[in-house]
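J.: work-v7.cif is reproduced below (mmCIF, C-alpha atoms).
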data_start
loop_
_atom_site.label_atom_id
_atom_site.label_comp_id
_atom_site.auth_asym_id
_atom_site.auth_seq_id
_atom_site.Cartn_x
_atom_site.Cartn_y
_atom_site.Cartn_z
CA MET A 1 0.00 0.00 0.00
CA VAL A 2 2.70 2.47 1.08
CA LEU A 3 4.87 1.39 -1.83
CA ALA A 4 2.01 1.89 -4.28
CA THR A 5 1.33 5.46 -3.11
CA GLU A 6 5.05 6.30 -3.22
CA GLN A 7 5.23 5.01 -6.76
CA LEU A 8 2.17 7.07 -7.57
CA GLN A 9 3.77 10.24 -6.16
CA GLU A 10 6.97 9.52 -8.06
CA ALA A 11 4.99 8.99 -11.26
CA ALA A 12 3.10 12.25 -10.71
CA LYS A 13 6.37 14.14 -10.18
CA GLN A 14 7.72 12.85 -13.46
CA GLY A 15 4.54 13.86 -15.25
CA PHE A 16 3.39 10.29 -15.87
CA LYS A 17 -0.26 9.56 -15.52
CA LYS A 18 -1.24 6.31 -13.82
CA LYS A 19 -3.97 4.38 -15.53
CA LEU A 20 -6.38 1.67 -14.39
CA VAL A 21 -7.50 -0.74 -17.12
CA ILE A 22 -10.11 -3.35 -16.23
CA VAL A 23 -11.60 -6.12 -18.33
CA VAL A 24 -15.18 -6.51 -17.11
CA SER A 25 -16.05 -10.03 -18.28
CA LYS A 26 -18.99 -10.94 -16.02
CA GLY A 27 -22.42 -9.40 -15.79
CA THR A 28 -23.48 -10.45 -12.32
CA ILE A 29 -23.75 -8.04 -9.41
CA ASP A 30 -20.95 -9.70 -7.42
CA MET A 31 -18.54 -9.31 -10.34
CA LEU A 32 -19.61 -5.82 -11.46
CA TYR A 33 -19.33 -3.97 -8.16
CA PRO A 34 -15.64 -4.76 -7.48
CA ALA A 35 -14.79 -3.28 -10.90
CA PHE A 36 -17.09 -0.28 -10.38
CA VAL A 37 -15.78 0.50 -6.90
CA LEU A 38 -12.19 0.64 -8.19
CA ALA A 39 -13.21 2.60 -11.28
CA THR A 40 -15.10 5.25 -9.28
CA THR A 41 -12.25 5.62 -6.76
CA ALA A 42 -9.38 5.82 -9.27
CA PRO A 43 -10.11 9.39 -10.50
CA ALA A 44 -10.11 10.61 -6.88
CA MET A 45 -6.58 9.14 -6.63
CA GLY A 46 -5.50 10.86 -9.86
CA ILE A 47 -5.67 7.63 -11.87
CA GLU A 48 -7.22 7.51 -15.35
CA VAL A 49 -9.79 4.77 -16.03
CA ASP A 50 -10.56 2.56 -19.03
CA LEU A 51 -13.15 -0.19 -18.65
CA TYR A 52 -13.38 -2.87 -21.33
CA PHE A 53 -16.69 -4.77 -21.26
CA THR A 54 -16.61 -8.21 -22.86
CA PHE A 55 -18.67 -11.44 -22.84
CA TRP A 56 -21.31 -11.25 -20.06
CA GLY A 57 -19.97 -7.87 -19.04
CA LEU A 58 -21.13 -6.38 -22.33
CA ARG A 59 -24.77 -7.08 -21.51
CA VAL A 60 -24.54 -4.40 -18.82
CA LEU A 61 -23.85 -1.82 -21.51
CA THR A 62 -27.15 -2.53 -23.25
CA LYS A 63 -30.24 -0.47 -22.49
CA LYS A 64 -32.03 -3.63 -21.40
CA GLY A 65 -29.16 -5.24 -19.47
CA VAL A 66 -28.02 -2.21 -17.46
CA LYS A 67 -31.12 -2.34 -15.27
CA SER A 68 -31.29 -6.09 -14.85
CA ALA A 69 -27.92 -7.31 -13.52
CA LYS A 70 -28.51 -10.39 -11.35
CA ILE A 71 -26.68 -12.56 -8.90
CA GLY A 72 -26.75 -16.31 -9.45
CA ALA A 73 -27.91 -18.70 -6.73
CA VAL A 74 -26.16 -21.71 -8.29
CA GLY A 75 -22.43 -22.30 -7.94
CA ASN A 76 -22.07 -19.32 -5.63
CA PRO A 77 -20.99 -20.71 -2.27
CA GLY A 78 -21.20 -17.24 -0.69
CA ILE A 79 -24.99 -17.26 -0.90
CA PRO A 80 -26.28 -18.40 2.49
CA MET A 81 -28.37 -21.38 1.42
CA PRO A 82 -27.75 -24.95 0.24
CA ASN A 83 -26.29 -24.79 -3.27
CA LEU A 84 -28.74 -27.33 -4.73
CA MET A 85 -31.69 -25.14 -3.80
CA GLY A 86 -30.35 -22.62 -6.30
CA VAL A 87 -31.76 -24.65 -9.18
CA LEU A 88 -35.33 -24.19 -7.93
CA PRO A 89 -37.47 -21.77 -9.94
CA GLY A 90 -37.30 -18.21 -8.68
CA MET A 91 -34.15 -18.67 -6.60
CA THR A 92 -31.97 -16.36 -8.72
CA ALA A 93 -34.69 -13.72 -8.55
CA MET A 94 -34.85 -14.13 -4.80
CA THR A 95 -31.09 -13.90 -4.18
CA THR A 96 -30.87 -10.93 -6.58
CA LYS A 97 -33.60 -9.08 -4.72
CA MET A 98 -31.95 -9.82 -1.38
CA MET A 99 -28.44 -8.74 -2.46
CA LYS A 100 -29.65 -5.65 -4.32
CA LYS A 101 -31.52 -4.49 -1.25
CA ARG A 102 -28.40 -4.87 0.87
CA ILE A 103 -25.96 -3.36 -1.62
CA GLU A 104 -28.08 -0.41 -2.71
CA LYS A 105 -28.46 0.62 0.91
CA TYR A 106 -24.80 1.64 0.76
CA TRP A 107 -23.77 1.95 -2.89
CA PRO A 108 -25.27 3.58 -5.98
CA SER A 109 -27.13 1.26 -8.38
CA VAL A 110 -25.38 -0.25 -11.42
CA PRO A 111 -26.67 2.47 -13.82
CA ASP A 112 -25.64 5.18 -11.32
CA MET A 113 -22.16 3.69 -10.88
CA ILE A 114 -21.69 3.83 -14.67
CA LYS A 115 -22.80 7.49 -14.66
CA MET A 116 -20.34 8.26 -11.83
CA ILE A 117 -17.47 6.69 -13.76
CA LYS A 118 -18.32 8.86 -16.77
CA GLU A 119 -18.72 12.05 -14.74
CA SER A 120 -15.26 11.60 -13.26
CA GLY A 121 -13.67 11.22 -16.69
CA GLY A 122 -13.56 7.42 -16.98
CA ARG A 123 -14.02 5.76 -20.36
CA ILE A 124 -16.39 2.87 -21.15
CA HIS A 125 -15.52 0.58 -24.04
CA ALA A 126 -17.58 -2.17 -25.68
CA CYS A 127 -15.76 -5.27 -27.00
CA SER A 128 -16.25 -5.49 -30.76
CA PRO A 129 -16.20 -9.28 -31.24
CA THR A 130 -18.65 -9.75 -28.34
CA MET A 131 -21.01 -7.31 -30.06
CA GLY A 132 -20.87 -9.63 -33.06
CA PHE A 133 -21.46 -13.02 -31.51
CA MET A 134 -23.93 -11.81 -28.88
CA GLY A 135 -25.90 -10.03 -31.57
CA VAL A 136 -25.71 -6.62 -29.90
CA ASP A 137 -26.29 -3.68 -32.22
CA GLU A 138 -24.71 -0.25 -31.73
CA LYS A 139 -28.16 1.25 -31.21
CA ASP A 140 -28.80 -1.15 -28.28
CA LEU A 141 -25.94 0.40 -26.29
CA ILE A 142 -26.43 2.90 -23.46
CA PRO A 143 -25.21 6.45 -24.28
CA GLU A 144 -22.37 6.19 -21.72
CA VAL A 145 -20.39 3.91 -24.07
CA ASP A 146 -17.44 5.82 -25.57
CA ASP A 147 -16.57 3.43 -28.37
CA ILE A 148 -16.46 -0.12 -29.70
CA VAL A 149 -12.93 -1.50 -29.77
CA GLY A 150 -11.04 -4.78 -30.07
CA ALA A 151 -8.07 -6.63 -28.61
CA SER A 152 -5.37 -4.46 -30.22
CA THR A 153 -6.77 -1.28 -28.68
CA PHE A 154 -6.98 -2.98 -25.29
CA LEU A 155 -3.37 -4.22 -25.53
CA GLY A 156 -2.35 -0.68 -26.47
CA TRP A 157 -3.66 0.67 -23.12
CA ALA A 158 -2.33 -2.32 -21.19
CA SER A 159 1.16 -1.82 -22.68
CA ASP A 160 1.42 1.56 -20.95
CA PRO A 161 4.10 1.06 -18.26
CA GLU A 162 1.96 3.16 -15.90
CA ALA A 163 -1.12 0.97 -16.40
CA ILE A 164 -2.60 -1.26 -13.72
CA THR A 165 -4.44 -3.99 -15.61
CA LEU A 166 -7.06 -6.21 -14.01
CA PHE A 167 -9.34 -8.94 -15.31
CA ILE A 168 -12.58 -9.30 -13.39
CA MET B 169 -2.32 24.47 15.49
CA ALA B 170 -4.95 23.67 18.09
CA THR B 171 -7.12 26.61 17.09
CA ALA B 172 -6.83 25.72 13.40
CA LEU B 173 -7.97 22.19 14.20
CA ASN B 174 -10.93 23.42 16.13
CA LYS B 175 -12.10 25.58 13.28
CA PRO B 176 -12.37 23.71 10.00
CA ASP B 177 -13.51 25.73 6.99
CA ARG B 178 -16.01 23.04 6.18
CA THR B 179 -17.30 19.80 7.70
CA LEU B 180 -18.30 16.78 5.63
CA ASP B 181 -20.35 14.10 7.37
CA GLN B 182 -19.75 10.70 5.78
CA ARG B 183 -20.97 8.61 8.70
CA GLY B 184 -22.87 5.51 7.58
CA LEU B 185 -21.34 5.49 4.07
CA LEU B 186 -19.10 2.68 2.86
CA CYS B 187 -15.94 2.70 0.74
CA PRO B 188 -15.45 4.19 -1.82
CA LEU B 189 -18.01 6.95 -1.25
CA PRO B 190 -16.28 8.80 1.65
CA VAL B 191 -13.05 9.19 -0.37
CA ILE B 192 -14.88 10.19 -3.56
CA ASN B 193 -17.01 12.76 -1.74
CA THR B 194 -14.03 14.11 0.21
CA ASN B 195 -12.01 14.47 -2.97
CA LYS B 196 -14.90 16.48 -4.47
CA ALA B 197 -15.40 18.62 -1.38
CA ILE B 198 -11.74 19.56 -0.93
CA GLN B 199 -11.60 20.94 -4.46
CA GLU B 200 -14.23 23.47 -3.44
CA LEU B 201 -11.89 24.83 -0.74
CA LYS B 202 -9.02 27.25 -1.27
CA PRO B 203 -5.43 25.97 -0.89
CA GLY B 204 -4.51 25.89 2.79
CA GLN B 205 -8.11 25.68 4.01
CA ILE B 206 -9.15 22.82 6.26
CA LEU B 207 -11.80 20.18 5.72
CA GLU B 208 -13.15 18.15 8.61
CA VAL B 209 -14.48 14.70 7.66
CA LEU B 210 -16.45 12.30 9.85
CA ALA B 211 -16.49 8.68 8.65
CA THR B 212 -17.49 5.29 9.99
CA ASP B 213 -16.16 3.02 7.21
CA PRO B 214 -13.73 0.70 9.08
CA GLY B 215 -11.03 1.17 6.42
CA SER B 216 -11.19 4.97 6.51
CA LYS B 217 -7.77 5.52 8.06
CA PRO B 218 -5.57 3.69 5.53
CA ASP B 219 -7.83 4.75 2.65
CA PHE B 220 -7.70 8.46 3.48
CA ASP B 221 -3.96 8.13 4.03
CA ALA B 222 -3.42 6.61 0.56
CA TRP B 223 -5.72 9.18 -1.06
CA SER B 224 -4.08 12.20 0.62
CA LYS B 225 -0.60 10.98 -0.32
CA SER B 226 -1.55 10.54 -3.96
CA ARG B 227 -3.20 14.00 -4.12
CA GLY B 228 -0.72 15.89 -1.94
CA HIS B 229 -3.28 17.00 0.68
CA LYS B 230 -2.16 16.94 4.28
CA ILE B 231 -3.95 15.02 7.02
CA LEU B 232 -3.34 17.26 10.04
CA SER B 233 -4.94 14.91 12.52
CA VAL B 234 -7.04 11.77 12.82
CA SER B 235 -8.95 10.90 15.93
CA GLN B 236 -11.17 7.96 16.78
CA GLU B 237 -14.29 8.25 18.81
CA GLN B 238 -15.39 5.02 20.44
CA GLY B 239 -18.63 3.67 19.11
CA PRO B 240 -20.31 1.64 18.03
CA PRO B 241 -19.93 2.62 15.32
CA LYS B 242 -16.39 3.88 15.68
CA VAL B 243 -16.19 7.37 14.19
CA PHE B 244 -13.02 8.67 12.54
CA ARG B 245 -12.54 12.44 12.53
CA PHE B 246 -10.08 13.79 9.97
CA PHE B 247 -8.73 17.30 9.60
CA ILE B 248 -7.36 17.64 6.09
CA GLN B 249 -5.58 20.65 4.67
CA ARG B 250 -5.98 21.31 0.96
CA SER B 251 -2.68 21.37 -0.94
CA GLY B 252 -1.43 24.54 -2.61
#
As a first step, turn the structure in this file into structure tokens.
T.:
Amino acid sequence: MVLATEQLQEAAKQGFKKKLVIVVSKGTIDMLYPAFVLATTAPAMGIEVDLYFTFWGLRVLTKKGVKSAKIGAVGNPGIPMPNLMGVLPGMTAMTTKMMKKRIEKYWPSVPDMIKMIKESGGRIHACSPTMGFMGVDEKDLIPEVDDIVGASTFLGWASDPEAITLFI
Amino acid sequence: MATALNKPDRTLDQRGLLCPLPVINTNKAIQELKPGQILEVLATDPGSKPDFDAWSKSRGHKILSVSQEQGPPKVFRFFIQRSG
């Protein structure tokens, strides 16, 4: 922690800009919030933000998907109930409702987190091949999306020696 | 020093909010102050101390003092001076 902030100060002195690059590959609440919390905090620390939404993460950038992020009841050992019960009808809806109620007591909703990231200068990118095979059209995307880019663009940001790159 | 600490230019109450909101809101609020002015922040997030420390170091603001009031919940009281 101390080392990281010292490096940050050193980088700032030399005129380098630190950058946080995150691949957001999952569309469930428990995978979105860790990325969003880091992405909303980074600008306050003087760190630039680029979020790359791919696979199930991309669904969150659609007008329909942004309001309906869920949390699965199956294969999620953190959910306080027997795992097998998760396959019963309505269980995902129930766990989603429960977790949303708890989370939104403290944190902004998913659409509001995306707005916060944009307001603080962060950039939101949609993965171009995912658009293709998931059948997502440009007009389906929420207005917060900056652009549609592919692997080469992502590797360009990640090659920045000042970049912190995470895959969530 | 003691008088300066007793008289912040502004107080921001972040009690009850969780990370990352106290840091984000503090970062916003301090930009509305003039360099050298003092912001008092009250926070209950249990990670407030290291988080505010890391934030202030990266932005160059100075944490003049941190005190803990016994809870529950435990309240952290920061006096932060805006950098020049």
J.: Please, what is the axis-aligned box for every listed atom of range 204-214 of chain B with 8 Å on each side, as centre and edge lengths in Å to one decimal, as AutoDock Vina command-line options?
T.:
--center_x -11.0 --center_y 13.3 --center_z 6.4 --size_x 29.0 --size_y 41.2 --size_z 23.2
J.: Within 12 Å of chain A, which residues of chain B come that close, and what is the closest atom pair and distance in Å for each? Count all atoms listed in the file and give it as a tab-separated table.
T.:
residue	atom	partner	partner_atom	distance
B:Gln182	CA	A:Tyr106	CA	11.5
B:Arg183	CA	A:Tyr106	CA	11.2
B:Gly184	CA	A:Tyr106	CA	8.1
B:Leu185	CA	A:Tyr106	CA	6.1
B:Leu186	CA	A:Tyr106	CA	6.2
B:Cys187	CA	A:Val37	CA	8.0
B:Pro188	CA	A:Thr41	CA	6.1
B:Leu189	CA	A:Trp107	CA	7.8
B:Pro190	CA	A:Thr41	CA	9.9
B:Val191	CA	A:Ala44	CA	7.3
B:Ile192	CA	A:Ala44	CA	5.8
B:Asn193	CA	A:Ala44	CA	8.9
B:Thr194	CA	A:Ala44	CA	8.8
B:Asn195	CA	A:Ala44	CA	5.8
B:Lys196	CA	A:Ala44	CA	8.0
B:Ala197	CA	A:Ala44	CA	11.1
B:Ile198	CA	A:Ala44	CA	10.9
B:Gln199	CA	A:Ala44	CA	10.7
B:Asp213	CA	A:Tyr106	CA	10.9
B:Pro218	CA	A:Met1	CA	8.7
B:Asp219	CA	A:Met1	CA	9.5
B:Phe220	CA	A:Met45	CA	10.2
B:Asp221	CA	A:Val2	CA	9.2
B:Ala222	CA	A:Thr5	CA	6.1
B:Trp223	CA	A:Met45	CA	5.6
B:Ser224	CA	A:Met45	CA	8.3
B:Lys225	CA	A:Thr5	CA	6.5
B:Ser226	CA	A:Gln9	CA	5.8
B:Arg227	CA	A:Met45	CA	6.4
B:Gly228	CA	A:Gln9	CA	8.4
B:His229	CA	A:Met45	CA	11.2
J.: Now that the selection is made, can you save its residues with C-alpha atoms as an mmCIF file, in the coordinates of the input?
T.:
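And here's selection.cif as it stands now:
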data_model
loop_
_atom_site.group_PDB
_atom_site.id
_atom_site.type_symbol
_atom_site.label_atom_id
_atom_site.label_comp_id
_atom_site.auth_asym_id
_atom_site.auth_seq_id
_atom_site.Cartn_x
_atom_site.Cartn_y
_atom_site.Cartn_z
ATOM 1 C CA GLN B 182 -19.750 10.700 5.780
ATOM 2 C CA ARG B 183 -20.970 8.610 8.700
ATOM 3 C CA GLY B 184 -22.870 5.510 7.580
ATOM 4 C CA LEU B 185 -21.340 5.490 4.070
ATOM 5 C CA LEU B 186 -19.100 2.680 2.860
ATOM 6 C CA CYS B 187 -15.940 2.700 0.740
ATOM 7 C CA PRO B 188 -15.450 4.190 -1.820
ATOM 8 C CA LEU B 189 -18.010 6.950 -1.250
ATOM 9 C CA PRO B 190 -16.280 8.800 1.650
ATOM 10 C CA VAL B 191 -13.050 9.190 -0.370
ATOM 11 C CA ILE B 192 -14.880 10.190 -3.560
ATOM 12 C CA ASN B 193 -17.010 12.760 -1.740
ATOM 13 C CA THR B 194 -14.030 14.110 0.210
ATOM 14 C CA ASN B 195 -12.010 14.470 -2.970
ATOM 15 C CA LYS B 196 -14.900 16.480 -4.470
ATOM 16 C CA ALA B 197 -15.400 18.620 -1.380
ATOM 17 C CA ILE B 198 -11.740 19.560 -0.930
ATOM 18 C CA GLN B 199 -11.600 20.940 -4.460
ATOM 19 C CA ASP B 213 -16.160 3.020 7.210
ATOM 20 C CA PRO B 218 -5.570 3.690 5.530
ATOM 21 C CA ASP B 219 -7.830 4.750 2.650
ATOM 22 C CA PHE B 220 -7.700 8.460 3.480
ATOM 23 C CA ASP B 221 -3.960 8.130 4.030
ATOM 24 C CA ALA B 222 -3.420 6.610 0.560
ATOM 25 C CA TRP B 223 -5.720 9.180 -1.060
ATOM 26 C CA SER B 224 -4.080 12.200 0.620
ATOM 27 C CA LYS B 225 -0.600 10.980 -0.320
ATOM 28 C CA SER B 226 -1.550 10.540 -3.960
ATOM 29 C CA ARG B 227 -3.200 14.000 -4.120
ATOM 30 C CA GLY B 228 -0.720 15.890 -1.940
ATOM 31 C CA HIS B 229 -3.280 17.000 0.680
#
J.: Starting from the PyMOL selection byres ((chain A and resi 96) around 9), expand the selection into actual residues of this file and give them as an MDAnalysis selection string.
T.: chainID A and resid 29 69:73 91:95 97:101
J.: Name every residue that the PyMOL selection byres ((chain B and resi 235) around 10) selects in this structure, writing the answer as a PDB file with C-alpha atoms, in the coordinates of the input with chains first and numbers rising.
T.:
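Everything below was put into result.pdb:
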ATOM      1  CA  LEU B 210     -16.450  12.300   9.850  1.00  0.00           C
ATOM      2  CA  LYS B 217      -7.770   5.520   8.060  1.00  0.00           C
ATOM      3  CA  SER B 233      -4.940  14.910  12.520  1.00  0.00           C
ATOM      4  CA  VAL B 234      -7.040  11.770  12.820  1.00  0.00           C
ATOM      5  CA  GLN B 236     -11.170   7.960  16.780  1.00  0.00           C
ATOM      6  CA  GLU B 237     -14.290   8.250  18.810  1.00  0.00           C
ATOM      7  CA  GLN B 238     -15.390   5.020  20.440  1.00  0.00           C
ATOM      8  CA  VAL B 243     -16.190   7.370  14.190  1.00  0.00           C
ATOM      9  CA  PHE B 244     -13.020   8.670  12.540  1.00  0.00           C
ATOM     10  CA  ARG B 245     -12.540  12.440  12.530  1.00  0.00           C
ATOM     11  CA  PHE B 246     -10.080  13.790   9.970  1.00  0.00           C
ATOM     12  CA  PHE B 247      -8.730  17.300   9.600  1.00  0.00           C
TER      13      PHE B 247
END
J.: When you draw a straight line from CA of Asp137 in chain A to CA of Leu32 in chain A, how long is it in Å?
T.: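 That distance, rounded to one decimal, is 21.9 Å.
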J.: Enumerate, as an MDAnalysis selection string, the residues matched when the PyMOL selection byres ((chain B and resi 176) around 6) is run on the file above.
T.: chainID B and resid 175 177:178 206:208
